[in-house]
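**Student:** Have a look at the structure that comes next, please.
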Amino acid sequence: MAILGIIAHFTSQSGVRMNPVLGLRLLEGSHTGANMAEVITEVLQFHGTGVEEKLGYVVGDNASNNDTLVRALSDDQVFSNRSGLYDASQRRLRCIGHVINLVVKAFWFGDVDRSLLHNTVVVTQDTMAHWRRMGPWGKAHNITVYALASPQSRQELKKLGGLTVLHRDNATRWNVGYSMIQSMMRN
């Protein structure tokens, strides 16, 4: 299930920073920029005339569909009334959290086969050996995968070292690798 969150960031007239959630919408169909732009336009129109005129920038991860999203908003009739003020090339920002996540992964994993990072469901002797070669992070990953594989393995590890709660890393959630290491250190 894909959910698109639309959040506004602005300063009120009294100088208070505001971050209201304008909408959380189920994204039906494919995750294209045009499809997301349609949902965002509906949410902005729901909030009344003039809201879309206050749209300054769009923040998203590095996926190319976000470039398409900003171009689609720029081409949309709702924004065309701004007489060219909404230039898509100037209104697309990369999320700093996502950028930092990519930098950390590059630091930790270097030139590792990226498909391994995305394929965390299939566990084979080969994938475990690849993870093991990544040093402490890979070993933590393998222990977590083993521990979460079945109730019996969780019980076995709990008897050995008291592991109670583990968080598994994956390729899409930010900070999840940190959470995995932190949960291992706590236990």
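Residues in the structure tokens are numbered from 1 in each chain, the chains being A, B, ... in the order shown, and ligands are numbered from 1 in the order shown.
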For the structure I just gave you, how does DSSP split chain A - specifically, which residues are strand (DSSP E)? Reply as number ranges by chain.
**Tutor:** A: 3-7, 10-11, 17-18, 21-26, 58-60, 92-94
**Student:** Taking N, CA, C and O atoms for each residue, export the selection above as a PDB file, in the first residue's frame.
**Tutor:**
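Everything below was put into again15.pdb:
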ATOM      1  N   ILE A   3       1.141   5.245   0.455  1.00  0.00           N
ATOM      2  CA  ILE A   3       0.453   6.406   1.020  1.00  0.00           C
ATOM      3  C   ILE A   3       1.300   7.634   0.746  1.00  0.00           C
ATOM      4  O   ILE A   3       2.504   7.641   0.988  1.00  0.00           O
ATOM      5  N   LEU A   4       0.669   8.664   0.242  1.00  0.00           N
ATOM      6  CA  LEU A   4       1.357   9.916  -0.060  1.00  0.00           C
ATOM      7  C   LEU A   4       0.985  10.932   1.008  1.00  0.00           C
ATOM      8  O   LEU A   4      -0.189  11.235   1.213  1.00  0.00           O
ATOM      9  N   GLY A   5       1.987  11.434   1.712  1.00  0.00           N
ATOM     10  CA  GLY A   5       1.766  12.441   2.745  1.00  0.00           C
ATOM     11  C   GLY A   5       2.101  13.819   2.210  1.00  0.00           C
ATOM     12  O   GLY A   5       3.145  14.006   1.589  1.00  0.00           O
ATOM     13  N   ILE A   6       1.226  14.766   2.440  1.00  0.00           N
ATOM     14  CA  ILE A   6       1.445  16.140   2.009  1.00  0.00           C
ATOM     15  C   ILE A   6       1.494  17.001   3.264  1.00  0.00           C
ATOM     16  O   ILE A   6       0.509  17.099   4.003  1.00  0.00           O
ATOM     17  N   ILE A   7       2.655  17.607   3.512  1.00  0.00           N
ATOM     18  CA  ILE A   7       2.877  18.400   4.714  1.00  0.00           C
ATOM     19  C   ILE A   7       3.308  19.797   4.291  1.00  0.00           C
ATOM     20  O   ILE A   7       4.139  19.953   3.395  1.00  0.00           O
ATOM     21  N   PHE A  10       5.687  26.293   7.042  1.00  0.00           N
ATOM     22  CA  PHE A  10       5.651  27.740   6.877  1.00  0.00           C
ATOM     23  C   PHE A  10       5.740  28.404   8.248  1.00  0.00           C
ATOM     24  O   PHE A  10       5.658  27.741   9.278  1.00  0.00           O
ATOM     25  N   THR A  11       5.925  29.715   8.221  1.00  0.00           N
ATOM     26  CA  THR A  11       5.957  30.501   9.445  1.00  0.00           C
ATOM     27  C   THR A  11       4.678  31.313   9.515  1.00  0.00           C
ATOM     28  O   THR A  11       4.304  31.980   8.548  1.00  0.00           O
ATOM     29  N   ARG A  17       6.808  28.610  13.718  1.00  0.00           N
ATOM     30  CA  ARG A  17       6.970  27.622  12.643  1.00  0.00           C
ATOM     31  C   ARG A  17       5.822  26.619  12.701  1.00  0.00           C
ATOM     32  O   ARG A  17       5.513  26.063  13.744  1.00  0.00           O
ATOM     33  N   MET A  18       5.200  26.381  11.553  1.00  0.00           N
ATOM     34  CA  MET A  18       4.034  25.494  11.449  1.00  0.00           C
ATOM     35  C   MET A  18       4.348  24.349  10.492  1.00  0.00           C
ATOM     36  O   MET A  18       5.032  24.562   9.487  1.00  0.00           O
ATOM     37  N   VAL A  21      -0.190  18.692   8.617  1.00  0.00           N
ATOM     38  CA  VAL A  21      -0.400  17.643   7.613  1.00  0.00           C
ATOM     39  C   VAL A  21      -1.621  18.052   6.817  1.00  0.00           C
ATOM     40  O   VAL A  21      -2.718  18.173   7.358  1.00  0.00           O
ATOM     41  N   LEU A  22      -1.431  18.312   5.531  1.00  0.00           N
ATOM     42  CA  LEU A  22      -2.559  18.698   4.675  1.00  0.00           C
ATOM     43  C   LEU A  22      -3.342  17.477   4.223  1.00  0.00           C
ATOM     44  O   LEU A  22      -4.536  17.562   3.989  1.00  0.00           O
ATOM     45  N   GLY A  23      -2.667  16.357   4.090  1.00  0.00           N
ATOM     46  CA  GLY A  23      -3.371  15.160   3.665  1.00  0.00           C
ATOM     47  C   GLY A  23      -2.488  13.928   3.681  1.00  0.00           C
ATOM     48  O   GLY A  23      -1.279  14.003   3.504  1.00  0.00           O
ATOM     49  N   LEU A  24      -3.119  12.806   3.936  1.00  0.00           N
ATOM     50  CA  LEU A  24      -2.528  11.481   3.772  1.00  0.00           C
ATOM     51  C   LEU A  24      -3.461  10.739   2.834  1.00  0.00           C
ATOM     52  O   LEU A  24      -4.615  10.485   3.180  1.00  0.00           O
ATOM     53  N   ARG A  25      -2.989  10.446   1.654  1.00  0.00           N
ATOM     54  CA  ARG A  25      -3.856   9.836   0.655  1.00  0.00           C
ATOM     55  C   ARG A  25      -3.270   8.534   0.146  1.00  0.00           C
ATOM     56  O   ARG A  25      -2.059   8.428  -0.069  1.00  0.00           O
ATOM     57  N   LEU A  26      -4.137   7.584  -0.051  1.00  0.00           N
ATOM     58  CA  LEU A  26      -3.755   6.326  -0.671  1.00  0.00           C
ATOM     59  C   LEU A  26      -3.422   6.616  -2.126  1.00  0.00           C
ATOM     60  O   LEU A  26      -4.195   7.273  -2.827  1.00  0.00           O
ATOM     61  N   VAL A  58       9.014  21.491  -3.429  1.00  0.00           N
ATOM     62  CA  VAL A  58       8.604  20.109  -3.201  1.00  0.00           C
ATOM     63  C   VAL A  58       9.840  19.352  -2.747  1.00  0.00           C
ATOM     64  O   VAL A  58      10.872  19.375  -3.416  1.00  0.00           O
ATOM     65  N   VAL A  59       9.745  18.700  -1.580  1.00  0.00           N
ATOM     66  CA  VAL A  59      10.856  17.934  -1.027  1.00  0.00           C
ATOM     67  C   VAL A  59      10.533  16.460  -1.157  1.00  0.00           C
ATOM     68  O   VAL A  59       9.442  16.014  -0.804  1.00  0.00           O
ATOM     69  N   GLY A  60      11.478  15.696  -1.674  1.00  0.00           N
ATOM     70  CA  GLY A  60      11.308  14.253  -1.803  1.00  0.00           C
ATOM     71  C   GLY A  60      12.653  13.576  -1.903  1.00  0.00           C
ATOM     72  O   GLY A  60      13.695  14.232  -1.903  1.00  0.00           O
ATOM     73  N   ARG A  92      12.480  21.878  -6.917  1.00  0.00           N
ATOM     74  CA  ARG A  92      12.659  20.491  -6.489  1.00  0.00           C
ATOM     75  C   ARG A  92      13.821  20.412  -5.508  1.00  0.00           C
ATOM     76  O   ARG A  92      14.943  20.741  -5.841  1.00  0.00           O
ATOM     77  N   LEU A  93      13.549  19.982  -4.270  1.00  0.00           N
ATOM     78  CA  LEU A  93      14.583  19.831  -3.251  1.00  0.00           C
ATOM     79  C   LEU A  93      14.718  18.364  -2.862  1.00  0.00           C
ATOM     80  O   LEU A  93      13.732  17.642  -2.795  1.00  0.00           O
ATOM     81  N   ARG A  94      15.945  17.955  -2.601  1.00  0.00           N
ATOM     82  CA  ARG A  94      16.198  16.586  -2.130  1.00  0.00           C
ATOM     83  C   ARG A  94      16.118  16.571  -0.609  1.00  0.00           C
ATOM     84  O   ARG A  94      16.639  17.464   0.057  1.00  0.00           O
TER      85      ARG A  94
END
**Student:** If I take atom CA of A:Asn62 and atom CA of A:Val145, how far is one from the other in Å, to one decimal?
**Tutor:**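 Interatomic distance here is 28.2 Å.
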**Student:** Which distance in Å separates atom CA of A:Ala106 and atom CA of A:Tyr146, to one decimal?
**Tutor:** 24.7 Å
**Student:** If we count only C-alpha atoms and set the cut-off at 12 Å, which residues sit around A:Arg154, ignoring sequence neighbours fewer than 2 positions away in its own chain? Please answer as a ChimeraX atom specification.
**Tutor:** /A:143-152,156-166
**Student:** Would you write out those residues with N, CA, C and O atoms, as a PDB file, in the first residue's frame?
**Tutor:**
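In the end it all went to selection00.pdb:
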ATOM      1  N   ILE A 143      22.921 -12.155  12.167  1.00  0.00           N
ATOM      2  CA  ILE A 143      22.387 -12.571  13.474  1.00  0.00           C
ATOM      3  C   ILE A 143      20.915 -12.196  13.573  1.00  0.00           C
ATOM      4  O   ILE A 143      20.079 -12.991  14.018  1.00  0.00           O
ATOM      5  N   THR A 144      20.586 -10.982  13.143  1.00  0.00           N
ATOM      6  CA  THR A 144      19.197 -10.523  13.204  1.00  0.00           C
ATOM      7  C   THR A 144      18.299 -11.369  12.306  1.00  0.00           C
ATOM      8  O   THR A 144      17.203 -11.772  12.716  1.00  0.00           O
ATOM      9  N   VAL A 145      18.750 -11.645  11.080  1.00  0.00           N
ATOM     10  CA  VAL A 145      17.965 -12.473  10.159  1.00  0.00           C
ATOM     11  C   VAL A 145      17.733 -13.854  10.769  1.00  0.00           C
ATOM     12  O   VAL A 145      16.625 -14.385  10.755  1.00  0.00           O
ATOM     13  N   TYR A 146      18.796 -14.426  11.343  1.00  0.00           N
ATOM     14  CA  TYR A 146      18.664 -15.745  11.961  1.00  0.00           C
ATOM     15  C   TYR A 146      17.690 -15.697  13.135  1.00  0.00           C
ATOM     16  O   TYR A 146      16.809 -16.544  13.266  1.00  0.00           O
ATOM     17  N   ALA A 147      17.845 -14.679  13.977  1.00  0.00           N
ATOM     18  CA  ALA A 147      17.010 -14.586  15.175  1.00  0.00           C
ATOM     19  C   ALA A 147      15.536 -14.393  14.844  1.00  0.00           C
ATOM     20  O   ALA A 147      14.670 -14.900  15.549  1.00  0.00           O
ATOM     21  N   LEU A 148      15.266 -13.673  13.772  1.00  0.00           N
ATOM     22  CA  LEU A 148      13.873 -13.384  13.424  1.00  0.00           C
ATOM     23  C   LEU A 148      13.263 -14.435  12.496  1.00  0.00           C
ATOM     24  O   LEU A 148      12.094 -14.345  12.150  1.00  0.00           O
ATOM     25  N   ALA A 149      14.053 -15.444  12.122  1.00  0.00           N
ATOM     26  CA  ALA A 149      13.576 -16.454  11.169  1.00  0.00           C
ATOM     27  C   ALA A 149      12.481 -17.338  11.746  1.00  0.00           C
ATOM     28  O   ALA A 149      11.600 -17.782  11.014  1.00  0.00           O
ATOM     29  N   SER A 150      12.515 -17.592  13.045  1.00  0.00           N
ATOM     30  CA  SER A 150      11.496 -18.465  13.644  1.00  0.00           C
ATOM     31  C   SER A 150      11.429 -18.212  15.145  1.00  0.00           C
ATOM     32  O   SER A 150      12.392 -17.708  15.738  1.00  0.00           O
ATOM     33  N   PRO A 151      10.330 -18.591  15.777  1.00  0.00           N
ATOM     34  CA  PRO A 151      10.231 -18.446  17.236  1.00  0.00           C
ATOM     35  C   PRO A 151      11.311 -19.268  17.952  1.00  0.00           C
ATOM     36  O   PRO A 151      11.836 -18.848  18.976  1.00  0.00           O
ATOM     37  N   GLN A 152      11.650 -20.431  17.389  1.00  0.00           N
ATOM     38  CA  GLN A 152      12.651 -21.291  18.013  1.00  0.00           C
ATOM     39  C   GLN A 152      14.035 -20.624  18.028  1.00  0.00           C
ATOM     40  O   GLN A 152      14.756 -20.697  19.016  1.00  0.00           O
ATOM     41  N   GLU A 156      16.289 -19.602  21.211  1.00  0.00           N
ATOM     42  CA  GLU A 156      17.662 -20.074  21.332  1.00  0.00           C
ATOM     43  C   GLU A 156      18.624 -18.920  21.625  1.00  0.00           C
ATOM     44  O   GLU A 156      19.449 -19.001  22.533  1.00  0.00           O
ATOM     45  N   LEU A 157      18.502 -17.839  20.868  1.00  0.00           N
ATOM     46  CA  LEU A 157      19.372 -16.687  21.103  1.00  0.00           C
ATOM     47  C   LEU A 157      19.091 -16.023  22.446  1.00  0.00           C
ATOM     48  O   LEU A 157      20.001 -15.528  23.101  1.00  0.00           O
ATOM     49  N   LYS A 158      17.853 -16.026  22.855  1.00  0.00           N
ATOM     50  CA  LYS A 158      17.510 -15.441  24.158  1.00  0.00           C
ATOM     51  C   LYS A 158      18.192 -16.226  25.273  1.00  0.00           C
ATOM     52  O   LYS A 158      18.730 -15.645  26.218  1.00  0.00           O
ATOM     53  N   LYS A 159      18.218 -17.557  25.156  1.00  0.00           N
ATOM     54  CA  LYS A 159      18.900 -18.391  26.156  1.00  0.00           C
ATOM     55  C   LYS A 159      20.399 -18.123  26.179  1.00  0.00           C
ATOM     56  O   LYS A 159      21.016 -18.079  27.231  1.00  0.00           O
ATOM     57  N   LEU A 160      20.983 -17.910  25.010  1.00  0.00           N
ATOM     58  CA  LEU A 160      22.432 -17.702  24.917  1.00  0.00           C
ATOM     59  C   LEU A 160      22.873 -16.342  25.431  1.00  0.00           C
ATOM     60  O   LEU A 160      23.876 -16.221  26.114  1.00  0.00           O
ATOM     61  N   GLY A 161      22.131 -15.310  25.065  1.00  0.00           N
ATOM     62  CA  GLY A 161      22.634 -13.985  25.416  1.00  0.00           C
ATOM     63  C   GLY A 161      21.608 -12.990  25.859  1.00  0.00           C
ATOM     64  O   GLY A 161      21.925 -11.818  26.036  1.00  0.00           O
ATOM     65  N   GLY A 162      20.380 -13.399  25.982  1.00  0.00           N
ATOM     66  CA  GLY A 162      19.366 -12.482  26.456  1.00  0.00           C
ATOM     67  C   GLY A 162      18.788 -11.550  25.413  1.00  0.00           C
ATOM     68  O   GLY A 162      18.182 -10.554  25.755  1.00  0.00           O
ATOM     69  N   LEU A 163      18.984 -11.850  24.121  1.00  0.00           N
ATOM     70  CA  LEU A 163      18.388 -11.005  23.087  1.00  0.00           C
ATOM     71  C   LEU A 163      16.873 -11.083  23.178  1.00  0.00           C
ATOM     72  O   LEU A 163      16.297 -12.155  23.179  1.00  0.00           O
ATOM     73  N   THR A 164      16.240  -9.925  23.289  1.00  0.00           N
ATOM     74  CA  THR A 164      14.780  -9.927  23.408  1.00  0.00           C
ATOM     75  C   THR A 164      14.101  -9.250  22.222  1.00  0.00           C
ATOM     76  O   THR A 164      13.169  -9.785  21.669  1.00  0.00           O
ATOM     77  N   VAL A 165      14.563  -8.071  21.845  1.00  0.00           N
ATOM     78  CA  VAL A 165      13.943  -7.337  20.747  1.00  0.00           C
ATOM     79  C   VAL A 165      15.022  -6.964  19.743  1.00  0.00           C
ATOM     80  O   VAL A 165      16.021  -6.354  20.100  1.00  0.00           O
ATOM     81  N   LEU A 166      14.809  -7.334  18.489  1.00  0.00           N
ATOM     82  CA  LEU A 166      15.744  -6.982  17.437  1.00  0.00           C
ATOM     83  C   LEU A 166      15.009  -6.255  16.329  1.00  0.00           C
ATOM     84  O   LEU A 166      13.862  -6.561  16.040  1.00  0.00           O
TER      85      LEU A 166
END
**Student:** Which residues, written as a VMD selection string, have at least one atom at most 12 Å from A:Val176, with only C-alpha atoms counted and residues fewer than 5 positions away on the same chain left out?
**Tutor:** chain A and resid 101 104 to 105 137 141 166 to 171 181 to 183
**Student:** Out of A:Val123, A:Ala37, A:Leu55, A:Val103, which residue has the shortest atom-to-atom distance to A:His9 when counting only C-alpha atoms?
**Tutor:**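 So, comparing all the options, the nearest one is A:Leu55.
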**Student:** Using only C-alpha atoms, determine which residues lie at most 8 Å from A:Gly33, disregarding the query and same-chain residues fewer than 6 positions distant; provide the list as a list of chain:residue names.
**Tutor:** A:Asn65, A:Asn66, A:Asp67, A:Thr68, A:Leu69, A:Val70, A:Ala72
**Student:** Please determine, counting only C-alpha atoms, which residue among A:Lys54, A:Arg71, A:Arg132, A:His47 has the shortest atom-to-atom distance to A:Ala88.
**Tutor:**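 Of A:Lys54, A:Arg71, A:Arg132, A:His47, the one nearest A:Ala88 is A:Arg71, counting only C-alpha atoms.
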**Student:** Measuring between only C-alpha atoms, which one of A:Met1, A:Leu73, A:Ala8, A:Ala63 shows the shortest distance to A:His98?
**Tutor:**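 Ranked by minimum distance to A:His98, first place goes to A:Ala63.
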**Student:** Where in stretch 1-183 of chain A does DSSP assign alpha helix (DSSP H), given as a VMD selection string?
**Tutor:** chain A and resid 33 to 46 64 to 75 77 to 80 96 to 109 114 to 118 125 to 132 136 to 148 151 to 161 176 to 183
